[in-house]
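Here the structure comes first, spelled out in structure tokens, and everything after it is commentary.
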Amino acid sequence: MGVMVASIVPSSAAAALSLLEEPEAELQSHALRSLEVLADVFWPEISSAVPKIQEMSEDSSFVDKSLAALVAAKVLFHLGELDEALVYALSAGDKFDVAADTEFAKTLRARCIDDYIQQMVAEEGDSTAATATTAAMGNGIVEESILPRKQLQSEMKAVFERVVEECVTNGRVREAIGVSLDARRLDCVEAAVTRGCKGPQERAEVLAYCFSCAQRLLSSRSFRKRVLRLVADLHRKEEVPREVVIADCLAHLSDAGGVAEALVRLVTPLGDDESSADADTQRELIALQICFDIVDNDHPHFAIRVASLLPQSQPRPAAPASTLPAIRESETPEGAGDDSAAMAVDSAAVVANGDAAAPSSLDARQLLDSKLNKLRTVLSGTTSSALALHFLCSLNGADTYALRKVKSSLDSRSSVGHSALVFANALAHAGTAIDGFLRSNLDWLRRATAWAKFSATACLGVIHARHSTAAVRLLSPYLPPAGGPAPPVGGAASTSASSSSYSEGGALYALGLIAATSGRAAPLGPNQETGSAYLLAALRSAMGSPVVEHGACLGLGLASMASWDGDSASEEYDALCETLAGDDAVAGEAAALGIGLLGLGSGSELAVNTLLAQARETAHEKLGRGCALGLALLSYGREEAAEGLIDTMSAESDASIRYGAQYAVGLAYCGTGDNRALRRLLNAAVADVNNDVRRAAILCLGFVLFRRPESVPSTTALLAESCHAHVRYGAAMALGIGCVGTGLPAAVRMLERLSGDSVDFVRQGALLGLALVLMHHSEARSAAAGSARRLFARTAADKHEDVLTKFGAVIAGGLIDAAGRNGVIALVSPAGHVRMSAVVGLTLFTQYWHWFPLVHCIGLSLRPAALIALDASLRMPKMDGEASASTSGEASSQESPMCLMTAPRGMFAYPPSGPPEAAKVDAPAPAAVLSITLKARSREARKARTKSAAAAAASSSASTAKDIEAGNVAAAYEGADVDMVVESGTVDTGATPSTDGPATRTRSRAKTTGDDAASEDTPKKSGTKSSAADTEAAMVDAETDDKKSSAKKGKKKSVKITDDGKASGDGEGSSAVSGENSAGASSTPAAPSVETLPLKNPSRVLPGQESYLRWASPRWRSVSPSVAERFTGVVMVRDAAKDKSSPQYVELIGAAAAAAAAGEPPTETAAVAPVASSSVPATPQQPPAPPSPSSNAEEAAQTPPPPPPTDSSEPPAES
């Protein structure tokens, strides 16, 4: 016998509450244990006893005070007092189960971690971040608590460590690392990596995650450096250290000494045996890869510092560093296998100082020196520049047809359109060294005047970017004589002086653009001096000419970008300050920008004080804006260290300085996504009263968020709908900068909507933003790419479009296909570094709003979209591998051994170039129909018609006889079968109007029955080209058969309407009716007649029908149905009143036409406009399209046969 025990569910906590009032401690403990279970359900009832429970938890003599604290925490949690509940939960000690899967435990655990993070951030010294965290999380834990402050912090620390340990134990390593980074606990990060990962591969993935978090999520610059240092140390502890990752972390830390030490360690030989030789080659390749990555990170002066720290060796003569690699397509030797074919190397393709093979006689020291020289060559940037130039030049895919088309559509009198096309051509051929469009349009190029000539000359610096060896030779016709002796090229005519100062200034600006992309150590001048030295001499010799000074200052700033630390003496800084002190608006603006470029990111107090003082004192808005932008460039990448300068600039009353403050925020926090920077920019966007400041604030959102492009559309969504035009423009440009090259659909949709804005400069910004987002996108990769290119071309060619919008459309057309369709704006390097030149170039490009020549600076942001492979001798191998194309995007089953990637077919295809190809449509050949086939179809139709006519005649014979006997001759006559041809007639004013033609009226009391009136059942010839004899023979046969059929039936009658209006007939039916009428009828009924008024427009008759009827009508006296129905709808009218010998012809269209041809009286309906038939053209000049061949007899019967040729001397036989 079993006993079942039912659980008792309590309905109230009153019993447990009553025990709390008992004096004995055991009863109180029992009551607390009961209340701890009931607290989640009966907390409203227990809330009245919370003071009593809190007293018990604070009583040190009470045994279960931790249990009392837990009960109080639960009740306070349900009451919404989270901070106080957390204090009591922490004082409960082990009674508080952090890992419990309850709402109480999860909420307080999260609250505890948030408060702990807030405290650790404050202890770290980042007060600003701590304030932000406090504002986000609330007021924090109450200061007055039952626990001392240190004990409370230790309890929170214990809870945090228990949570991290639980995550590591359960395999949630990344979650543990994320919360540890937020709490600034690097010891927990290291413990999670070492104890939570089970193998080297997993540790490498986790460390890569740490690196990504440090770059994207950490707002503190100092703590970010500590994390990167920890990642590098953990990589060194591996059995096989990842030297490339270690060097990457050291590059982020700007540790040039550590990178140099790693490079020396990698190129030092390990031994003399063969196995050591293979290992040495692999280590040397790793060292070369590190050097190329440093150059790609776009921090040239860091690379120069690394090269200077390498051990010095004996200098060796070498060829010019930037010589283009002469790569030949060498064939595979006979008998060579796949491996030799894949790595067939051209021995002539040696770049820079790369030797084909080290001589065997060199000792270890000489071998080490040769390797170090190779590293220095790569770090100078000349090798990468030469390879990129070779790639862009040899694979140029620019569409010159589009440029010529835009040129023909632009107004030749518009200087803005001329400059726009110059910019578009420079961007389309950027870095390709191909200036054929300019050379073929010299007359058009000579139209540029003043600053347009400055921009036209400077465009050579964009086209010939990285072409340092030919820079001075190419620009020698335009360079000022004081810039250095130009080498003689092409005789005396080529060495003549420049035409004006605008060309000279533009040439110096172009020289700076070439130097900025060729490597800072690349020689440019005729005496092999660097670009900065050449331009410094040109600036000193150009004093007194503001235009030449303008170009020299811009070029000097670009060539010496970020080369000054802000403290040491600098000749370039002194020369630029001297130009700035002249207080000239044109030269001073360029000098201020040059100072900012020279000390880029240094935050030099000397430069800040100089520029800030000049901005406050000058009366030129142009100069003040240049000083403000120079200050913003000095703040590049400084993050919280630039806050003091940003506050000072934001508090100024001058709008130009506040304008620069917004760019200072964007450049100081570029790529960080920092919330403080976003709040500052958004506040300025809505609070400032100046349009320029508001526009700049919103635009700089793109610089802060370009590492997180998916968040840019949501951030700017409301701004894009603003009623303020400058705000909408800023949102469009922010989308373009933040989502550059991503093709993000949300950004594309917003920009397409803004491209139809009512304000011209908003449309301009939307078009430029659309080009930035869709750069390097084919239609297979992004469906909007093709429509965007068509939008640019259509807007540029629109004669009624505003000039500002056309300016943006023309530049956007060159920008979307920049660098010969082989370049893309990359703000982040493959290793995760922010590309300094790219950010600066895009910043200066946005200043085109105030100064058009700064459009050329966007060439600094372009990066070749190429994958270049080299061997240890810096030679380019010939590789058979390529991207494997598949329609589904999945890897092919038969991939080559050198397959680099798998992509859908057409993903990276070039857009179509040149004029669009006309679609070739082959007209279908007409089907030939033999005459014997036509006769066979006619016989089949006549047989069917005969059967239906016989059945109709039999049914009507009885009623006809009864009508005649009763004297109803009209009724008998209406049931007869009558064929008629109207030879002449007059207008009857009482005729019923027809609904199927203008000015056409038909009245008929004669009616045909049976198949003779059904013209749609008669077979007609469609789309055939038979001879006239065949056509006429078919007509004669058809008429003969109809006469025989009529004779057999005995009911067939033919009626002619004569000129006097009388009717005459032949056959039995006609005589019988006449006899009956004369014998017994008192009055003869009126004869049937058809009176037709000709149309005013006789051109609706087919020309062939008109010619055919012209000679046929005088000969016809009686027409059988088989002949007349071939011209259904055509009624012959002879105008007897005007006494004309040639008849006029009209066409009746629709149902009324069929009724008139059949002899039926039309219904009384409203007249409608005539509708052109498919077989009748609207005008006689347009012949109808040939009908499509059809084998269906019904379709063939709907189209009349073509008329016989009109040039026949003898007409066909009459029917």
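Each chain in the structure tokens gets a letter, A, B and so on, in the order shown; residues start at 1 in every chain, and ligands are counted from 1 in the order they appear.
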Inset, instruction - May I have the residues within 12 Å of Trp849 of chain A as an NGL selection string, using only C-alpha atoms and disregarding those fewer than 6 positions away in the same chain? - result: :A and (692 or 695-696 or 726 or 729-730 or 733 or 761-762 or 764-765 or 804 or 807-808 or 843 or 855)
Please produce a file of the residues just selected, as a short mmCIF file (atom, residue, chain, number, x, y, z; two decimals), in the first residue's frame, where the atoms kept are C-alpha atoms.
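Wrote out.cif, looks like this:
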```cif
data_model
loop_
_atom_site.label_atom_id
_atom_site.label_comp_id
_atom_site.auth_asym_id
_atom_site.auth_seq_id
_atom_site.Cartn_x
_atom_site.Cartn_y
_atom_site.Cartn_z
CA ASP A 692 29.24 76.09 -42.02
CA ARG A 695 27.51 71.25 -41.89
CA ALA A 696 31.06 70.43 -40.74
CA HIS A 726 23.18 72.31 -44.90
CA TYR A 729 24.29 67.98 -47.20
CA GLY A 730 26.40 67.08 -44.18
CA MET A 733 28.79 63.46 -47.08
CA PHE A 761 24.18 71.56 -53.30
CA VAL A 762 22.33 68.82 -51.41
CA GLN A 764 25.71 67.57 -55.25
CA GLY A 765 26.65 66.05 -51.89
CA LEU A 804 26.49 72.93 -58.69
CA PHE A 807 29.74 69.83 -60.86
CA GLY A 808 29.10 67.06 -58.34
CA THR A 843 39.61 65.92 -45.14
CA VAL A 855 39.76 68.39 -54.85
#
```
Contacts of segment 671-680 of chain A at 8 Å or less, counting only C-alpha atoms, minus same-chain residues fewer than 6 places along, as a PDB file with all heavy atoms, in the first residue's frame?
```pdb
ATOM      1  N   GLN A 215      41.140  47.953 -31.038  1.00  0.00           N
ATOM      2  CA  GLN A 215      41.061  48.952 -32.090  1.00  0.00           C
ATOM      3  C   GLN A 215      39.672  49.562 -32.226  1.00  0.00           C
ATOM      4  O   GLN A 215      39.536  50.734 -32.572  1.00  0.00           O
ATOM      5  CB  GLN A 215      41.474  48.318 -33.432  1.00  0.00           C
ATOM      6  CG  GLN A 215      42.930  47.930 -33.508  1.00  0.00           C
ATOM      7  CD  GLN A 215      43.846  49.136 -33.394  1.00  0.00           C
ATOM      8  OE1 GLN A 215      43.651  50.158 -34.025  1.00  0.00           O
ATOM      9  NE2 GLN A 215      44.864  49.014 -32.551  1.00  0.00           N
ATOM     10  N   ARG A 216      38.643  48.795 -31.958  1.00  0.00           N
ATOM     11  CA  ARG A 216      37.285  49.231 -32.267  1.00  0.00           C
ATOM     12  C   ARG A 216      36.491  49.695 -31.057  1.00  0.00           C
ATOM     13  O   ARG A 216      35.616  50.553 -31.196  1.00  0.00           O
ATOM     14  CB  ARG A 216      36.513  48.097 -32.947  1.00  0.00           C
ATOM     15  CG  ARG A 216      37.039  47.713 -34.315  1.00  0.00           C
ATOM     16  CD  ARG A 216      36.399  46.411 -34.808  1.00  0.00           C
ATOM     17  NE  ARG A 216      34.954  46.500 -34.822  1.00  0.00           N
ATOM     18  CZ  ARG A 216      34.237  46.902 -35.860  1.00  0.00           C
ATOM     19  NH1 ARG A 216      34.838  47.258 -36.973  1.00  0.00           N
ATOM     20  NH2 ARG A 216      32.923  46.947 -35.809  1.00  0.00           N
ATOM     21  N   LEU A 217      36.784  49.165 -29.879  1.00  0.00           N
ATOM     22  CA  LEU A 217      35.902  49.380 -28.739  1.00  0.00           C
ATOM     23  C   LEU A 217      36.507  50.219 -27.628  1.00  0.00           C
ATOM     24  O   LEU A 217      35.765  50.894 -26.907  1.00  0.00           O
ATOM     25  CB  LEU A 217      35.456  48.025 -28.162  1.00  0.00           C
ATOM     26  CG  LEU A 217      34.738  47.094 -29.150  1.00  0.00           C
ATOM     27  CD1 LEU A 217      34.400  45.773 -28.469  1.00  0.00           C
ATOM     28  CD2 LEU A 217      33.475  47.745 -29.683  1.00  0.00           C
ATOM     29  N   LEU A 218      37.808  50.179 -27.447  1.00  0.00           N
ATOM     30  CA  LEU A 218      38.423  50.878 -26.316  1.00  0.00           C
ATOM     31  C   LEU A 218      38.605  52.346 -26.660  1.00  0.00           C
ATOM     32  O   LEU A 218      39.239  52.697 -27.665  1.00  0.00           O
ATOM     33  CB  LEU A 218      39.775  50.243 -25.969  1.00  0.00           C
ATOM     34  CG  LEU A 218      39.717  48.780 -25.506  1.00  0.00           C
ATOM     35  CD1 LEU A 218      41.104  48.290 -25.151  1.00  0.00           C
ATOM     36  CD2 LEU A 218      38.775  48.634 -24.325  1.00  0.00           C
ATOM     37  N   SER A 219      38.046  53.200 -25.820  1.00  0.00           N
ATOM     38  CA  SER A 219      38.132  54.636 -26.065  1.00  0.00           C
ATOM     39  C   SER A 219      39.358  55.271 -25.421  1.00  0.00           C
ATOM     40  O   SER A 219      39.754  56.368 -25.807  1.00  0.00           O
ATOM     41  CB  SER A 219      36.876  55.331 -25.531  1.00  0.00           C
ATOM     42  OG  SER A 219      36.714  55.082 -24.141  1.00  0.00           O
ATOM     43  N   VAL A 665      37.655  67.610 -33.795  1.00  0.00           N
ATOM     44  CA  VAL A 665      37.011  66.458 -33.145  1.00  0.00           C
ATOM     45  C   VAL A 665      37.053  65.249 -34.064  1.00  0.00           C
ATOM     46  O   VAL A 665      37.390  64.124 -33.639  1.00  0.00           O
ATOM     47  CB  VAL A 665      35.558  66.809 -32.763  1.00  0.00           C
ATOM     48  CG1 VAL A 665      34.840  65.589 -32.205  1.00  0.00           C
ATOM     49  CG2 VAL A 665      35.524  67.937 -31.751  1.00  0.00           C
ATOM     50  N   LEU A 701      30.974  63.255 -38.569  1.00  0.00           N
ATOM     51  CA  LEU A 701      30.488  61.981 -38.020  1.00  0.00           C
ATOM     52  C   LEU A 701      31.034  60.803 -38.824  1.00  0.00           C
ATOM     53  O   LEU A 701      31.289  59.725 -38.276  1.00  0.00           O
ATOM     54  CB  LEU A 701      28.958  61.960 -38.036  1.00  0.00           C
ATOM     55  CG  LEU A 701      28.239  62.915 -37.073  1.00  0.00           C
ATOM     56  CD1 LEU A 701      26.735  62.880 -37.332  1.00  0.00           C
ATOM     57  CD2 LEU A 701      28.533  62.551 -35.625  1.00  0.00           C
ATOM     58  N   PHE A 703      34.000  60.595 -40.237  1.00  0.00           N
ATOM     59  CA  PHE A 703      35.381  60.317 -39.846  1.00  0.00           C
ATOM     60  C   PHE A 703      35.441  59.536 -38.538  1.00  0.00           C
ATOM     61  O   PHE A 703      36.331  58.705 -38.347  1.00  0.00           O
ATOM     62  CB  PHE A 703      36.144  61.638 -39.707  1.00  0.00           C
ATOM     63  CG  PHE A 703      36.473  62.288 -41.016  1.00  0.00           C
ATOM     64  CD1 PHE A 703      35.825  63.445 -41.405  1.00  0.00           C
ATOM     65  CD2 PHE A 703      37.422  61.749 -41.860  1.00  0.00           C
ATOM     66  CE1 PHE A 703      36.115  64.056 -42.611  1.00  0.00           C
ATOM     67  CE2 PHE A 703      37.726  62.343 -43.071  1.00  0.00           C
ATOM     68  CZ  PHE A 703      37.073  63.496 -43.448  1.00  0.00           C
ATOM     69  N   VAL A 704      34.547  59.803 -37.622  1.00  0.00           N
ATOM     70  CA  VAL A 704      34.575  59.104 -36.332  1.00  0.00           C
ATOM     71  C   VAL A 704      34.082  57.661 -36.481  1.00  0.00           C
ATOM     72  O   VAL A 704      34.574  56.758 -35.790  1.00  0.00           O
ATOM     73  CB  VAL A 704      33.724  59.870 -35.303  1.00  0.00           C
ATOM     74  CG1 VAL A 704      33.694  59.146 -33.966  1.00  0.00           C
ATOM     75  CG2 VAL A 704      34.261  61.279 -35.112  1.00  0.00           C
ATOM     76  N   LEU A 705      33.159  57.403 -37.406  1.00  0.00           N
ATOM     77  CA  LEU A 705      32.474  56.108 -37.461  1.00  0.00           C
ATOM     78  C   LEU A 705      32.894  55.229 -38.639  1.00  0.00           C
ATOM     79  O   LEU A 705      32.226  54.234 -38.899  1.00  0.00           O
ATOM     80  CB  LEU A 705      30.954  56.338 -37.541  1.00  0.00           C
ATOM     81  CG  LEU A 705      30.291  56.959 -36.311  1.00  0.00           C
ATOM     82  CD1 LEU A 705      28.833  57.287 -36.608  1.00  0.00           C
ATOM     83  CD2 LEU A 705      30.382  56.022 -35.121  1.00  0.00           C
ATOM     84  N   PHE A 706      33.970  55.561 -39.362  1.00  0.00           N
ATOM     85  CA  PHE A 706      34.238  54.767 -40.565  1.00  0.00           C
ATOM     86  C   PHE A 706      34.711  53.351 -40.265  1.00  0.00           C
ATOM     87  O   PHE A 706      34.710  52.502 -41.143  1.00  0.00           O
ATOM     88  CB  PHE A 706      35.243  55.486 -41.481  1.00  0.00           C
ATOM     89  CG  PHE A 706      36.627  55.675 -40.924  1.00  0.00           C
ATOM     90  CD1 PHE A 706      37.516  54.627 -40.821  1.00  0.00           C
ATOM     91  CD2 PHE A 706      37.047  56.929 -40.526  1.00  0.00           C
ATOM     92  CE1 PHE A 706      38.790  54.807 -40.324  1.00  0.00           C
ATOM     93  CE2 PHE A 706      38.325  57.137 -40.039  1.00  0.00           C
ATOM     94  CZ  PHE A 706      39.201  56.061 -39.926  1.00  0.00           C
ATOM     95  N   ARG A 707      35.096  53.060 -39.021  1.00  0.00           N
ATOM     96  CA  ARG A 707      35.393  51.662 -38.669  1.00  0.00           C
ATOM     97  C   ARG A 707      34.120  50.857 -38.421  1.00  0.00           C
ATOM     98  O   ARG A 707      34.166  49.634 -38.400  1.00  0.00           O
ATOM     99  CB  ARG A 707      36.267  51.611 -37.416  1.00  0.00           C
ATOM    100  CG  ARG A 707      37.739  51.870 -37.649  1.00  0.00           C
ATOM    101  CD  ARG A 707      38.491  51.642 -36.357  1.00  0.00           C
ATOM    102  NE  ARG A 707      39.895  51.954 -36.467  1.00  0.00           N
ATOM    103  CZ  ARG A 707      40.837  51.080 -36.821  1.00  0.00           C
ATOM    104  NH1 ARG A 707      40.488  49.844 -37.119  1.00  0.00           N
ATOM    105  NH2 ARG A 707      42.097  51.436 -36.871  1.00  0.00           N
ATOM    106  N   ARG A 708      33.007  51.526 -38.193  1.00  0.00           N
ATOM    107  CA  ARG A 708      31.716  50.858 -37.974  1.00  0.00           C
ATOM    108  C   ARG A 708      30.707  51.412 -38.980  1.00  0.00           C
ATOM    109  O   ARG A 708      29.791  52.159 -38.621  1.00  0.00           O
ATOM    110  CB  ARG A 708      31.243  51.080 -36.535  1.00  0.00           C
ATOM    111  CG  ARG A 708      32.107  50.406 -35.500  1.00  0.00           C
ATOM    112  CD  ARG A 708      31.522  50.545 -34.105  1.00  0.00           C
ATOM    113  NE  ARG A 708      31.685  51.892 -33.581  1.00  0.00           N
ATOM    114  CZ  ARG A 708      31.218  52.291 -32.395  1.00  0.00           C
ATOM    115  NH1 ARG A 708      30.560  51.439 -31.628  1.00  0.00           N
ATOM    116  NH2 ARG A 708      31.404  53.523 -31.987  1.00  0.00           N
ATOM    117  N   VAL A 834      44.809  52.960 -39.152  1.00  0.00           N
ATOM    118  CA  VAL A 834      44.190  54.070 -39.866  1.00  0.00           C
ATOM    119  C   VAL A 834      45.231  54.676 -40.794  1.00  0.00           C
ATOM    120  O   VAL A 834      46.327  55.049 -40.368  1.00  0.00           O
ATOM    121  CB  VAL A 834      43.661  55.131 -38.883  1.00  0.00           C
ATOM    122  CG1 VAL A 834      43.090  56.324 -39.631  1.00  0.00           C
ATOM    123  CG2 VAL A 834      42.607  54.532 -37.980  1.00  0.00           C
TER     124      VAL A 834
END
```
So which residues touch Val547 of chain A within 7 Å, counting only C-alpha atoms, skipping near sequence neighbours fewer than 3 positions away, as an mmCIF file with N, CA, C and O atoms, in the first residue's frame?
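Contents of result_18.cif, freshly written:
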```
data_model
loop_
_atom_site.group_PDB
_atom_site.id
_atom_site.type_symbol
_atom_site.label_atom_id
_atom_site.label_comp_id
_atom_site.auth_asym_id
_atom_site.auth_seq_id
_atom_site.Cartn_x
_atom_site.Cartn_y
_atom_site.Cartn_z
ATOM 1 N N SER A 501 51.963 82.777 -63.498
ATOM 2 C CA SER A 501 52.177 82.319 -62.128
ATOM 3 C C SER A 501 51.190 81.236 -61.728
ATOM 4 O O SER A 501 51.477 80.435 -60.840
ATOM 5 N N TYR A 502 50.020 81.192 -62.350
ATOM 6 C CA TYR A 502 49.051 80.146 -62.019
ATOM 7 C C TYR A 502 49.573 78.774 -62.431
ATOM 8 O O TYR A 502 49.408 77.792 -61.697
ATOM 9 N N GLY A 505 52.423 77.926 -59.886
ATOM 10 C CA GLY A 505 51.907 77.472 -58.604
ATOM 11 C C GLY A 505 51.270 76.103 -58.688
ATOM 12 O O GLY A 505 51.450 75.256 -57.806
ATOM 13 N N HIS A 550 51.275 80.068 -52.826
ATOM 14 C CA HIS A 550 50.170 79.168 -52.474
ATOM 15 C C HIS A 550 50.491 77.736 -52.893
ATOM 16 O O HIS A 550 50.357 76.789 -52.100
ATOM 17 N N GLY A 551 50.907 77.564 -54.144
ATOM 18 C CA GLY A 551 51.241 76.220 -54.608
ATOM 19 C C GLY A 551 52.443 75.637 -53.898
ATOM 20 O O GLY A 551 52.472 74.432 -53.584
ATOM 21 N N ALA A 587 48.100 83.234 -50.016
ATOM 22 C CA ALA A 587 49.300 82.539 -49.568
ATOM 23 C C ALA A 587 49.193 82.126 -48.097
ATOM 24 O O ALA A 587 49.695 81.067 -47.706
#
```
Inset, instruction - May I have the residues within 12 Å of Val37 of chain A as a ChimeraX atom specification, using only C-alpha atoms and disregarding those fewer than 4 positions away in the same chain? - result: /A:9-10,12-13,16,30-33,41-43,46,67,70-71,74-75
Legend entry - Distance criterion (only C-alpha atoms): nearest to Leu309 of chain A out of A:Ala260, A:Thr846, A:Pro877, A:Ser560: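 Nearest candidate to Leu309 of chain A out of A:Ala260, A:Thr846, A:Pro877, A:Ser560: A:Ala260.
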Legend entry - Nearest candidate to Asp798 of chain A (options A:Met120, A:Ile53, A:Val406, A:Ala398; using only C-alpha atoms): A:Val406
Inset, instruction - Identify which of the residues A:His467, A:Lys225, A:Lys935, A:Arg305 lies closest to Val259 of chain A, counting only C-alpha atoms when measuring atom-to-atom distances. - result: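 Ranking A:His467, A:Lys225, A:Lys935, A:Arg305 by distance to Val259 of chain A, first place goes to A:Arg305.
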Inset, instruction - Per DSSP on the backbone, filter segment 619-752 of chain A down to the residues in helix (DSSP H, G or I) and report them as a VMD selection string. - result: chain A and resid 621 to 634 639 to 650 655 to 668 675 to 687 691 to 699 701 to 705 709 to 720 725 to 738 745 to 752
Inset, instruction - Can you pull out every residue within 12 Å of Asp574 of chain A, counting only C-alpha atoms, but drop anything in the same chain fewer than 6 positions away, and send it as a ChimeraX atom specification? - result: /A:536,539-540,553,564,566,568,580-581,591-592,594-595,598,606-607,610
Grab the residues selected above and save them as a compact mmCIF listing (two decimals), in the first residue's frame with N, CA, C and O atoms.
```txt
# COMPACT_ATOMS: atom_id res chain seq x y z
N LEU A 536 61.05 73.54 -50.71
CA LEU A 536 61.48 74.56 -49.77
C LEU A 536 62.26 75.65 -50.50
O LEU A 536 62.06 76.86 -50.26
N LEU A 539 59.80 77.75 -52.48
CA LEU A 539 59.04 78.67 -51.65
C LEU A 539 59.85 79.92 -51.31
O LEU A 539 59.35 81.05 -51.35
N ARG A 540 61.12 79.72 -50.99
CA ARG A 540 61.95 80.86 -50.63
C ARG A 540 62.18 81.79 -51.82
O ARG A 540 62.31 83.00 -51.66
N CYS A 553 53.50 76.31 -50.79
CA CYS A 553 53.16 75.94 -49.42
C CYS A 553 52.36 74.65 -49.36
O CYS A 553 52.61 73.78 -48.50
N TRP A 564 57.54 66.54 -38.70
CA TRP A 564 58.01 67.41 -37.61
C TRP A 564 57.33 66.99 -36.32
O TRP A 564 56.11 66.81 -36.26
N GLY A 566 57.22 68.81 -33.61
CA GLY A 566 56.64 69.96 -32.93
C GLY A 566 57.55 70.64 -31.94
O GLY A 566 57.21 71.73 -31.45
N SER A 568 61.46 70.25 -32.12
CA SER A 568 62.77 70.54 -32.69
C SER A 568 62.66 71.64 -33.75
O SER A 568 61.57 71.98 -34.22
N LEU A 580 53.06 82.93 -43.54
CA LEU A 580 51.84 83.17 -42.79
C LEU A 580 51.82 84.58 -42.20
O LEU A 580 50.76 85.22 -42.13
N ALA A 581 52.98 85.07 -41.79
CA ALA A 581 53.04 86.39 -41.16
C ALA A 581 52.73 87.51 -42.15
O ALA A 581 52.45 88.64 -41.72
N ALA A 591 49.80 78.45 -46.31
CA ALA A 591 50.84 78.33 -45.29
C ALA A 591 50.29 77.72 -44.01
O ALA A 591 50.95 76.88 -43.37
N ALA A 592 49.07 78.11 -43.62
CA ALA A 592 48.46 77.53 -42.43
C ALA A 592 48.20 76.04 -42.61
O ALA A 592 48.45 75.23 -41.69
N GLY A 594 49.86 74.13 -44.62
CA GLY A 594 51.18 73.50 -44.65
C GLY A 594 51.73 73.26 -43.26
O GLY A 594 52.35 72.22 -42.99
N ILE A 595 51.52 74.22 -42.34
CA ILE A 595 51.98 74.01 -40.96
C ILE A 595 51.23 72.85 -40.32
O ILE A 595 51.82 72.02 -39.60
N LEU A 598 52.66 69.67 -41.81
CA LEU A 598 54.02 69.42 -41.35
C LEU A 598 54.04 68.82 -39.95
O LEU A 598 54.79 67.87 -39.68
N LEU A 606 53.82 75.18 -29.87
CA LEU A 606 54.34 76.30 -30.65
C LEU A 606 53.47 76.56 -31.87
O LEU A 606 53.07 77.71 -32.14
N ALA A 607 53.16 75.52 -32.60
CA ALA A 607 52.33 75.69 -33.79
C ALA A 607 50.90 76.07 -33.42
O ALA A 607 50.28 76.88 -34.11
N THR A 610 50.79 79.76 -32.59
CA THR A 610 50.99 80.58 -33.78
C THR A 610 49.71 80.66 -34.61
O THR A 610 49.27 81.74 -35.02
```
Need to verify the contact set: segment 283-285 of chain A, 6 Å, only C-alpha atoms, exclusion of same-chain residues closer than 4 positions in sequence. Can you return it as a CSV table (one decimal) with C-alpha atoms, in the first residue's frame?
```csv
chain,number,residue,atom,x,y,z
A,266,LEU,CA,64.7,37.5,-38.5
A,267,VAL,CA,67.4,38.2,-41.1
A,872,ALA,CA,62.9,36.8,-51.6
```
Legend entry - Neighbour list for Val240 of chain A as a PyMOL selection string, cut-off 10 Å, only C-alpha atoms, skip fewer than 4 positions in-chain: chain A and resi 200+235-236
Inset, instruction - Point out the residue among A:Asp583, A:Asp399, A:Asp94, A:Glu940 with the least atom-to-atom distance to His429 of chain A, counting only C-alpha atoms. - result: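 Once distances to His429 of chain A are computed over only C-alpha atoms, the minimum belongs to A:Asp399.
Note that the spacing between atom CA of Ala866 of chain A and atom CA of Ala747 of chain A amounts to 26.0 Å.
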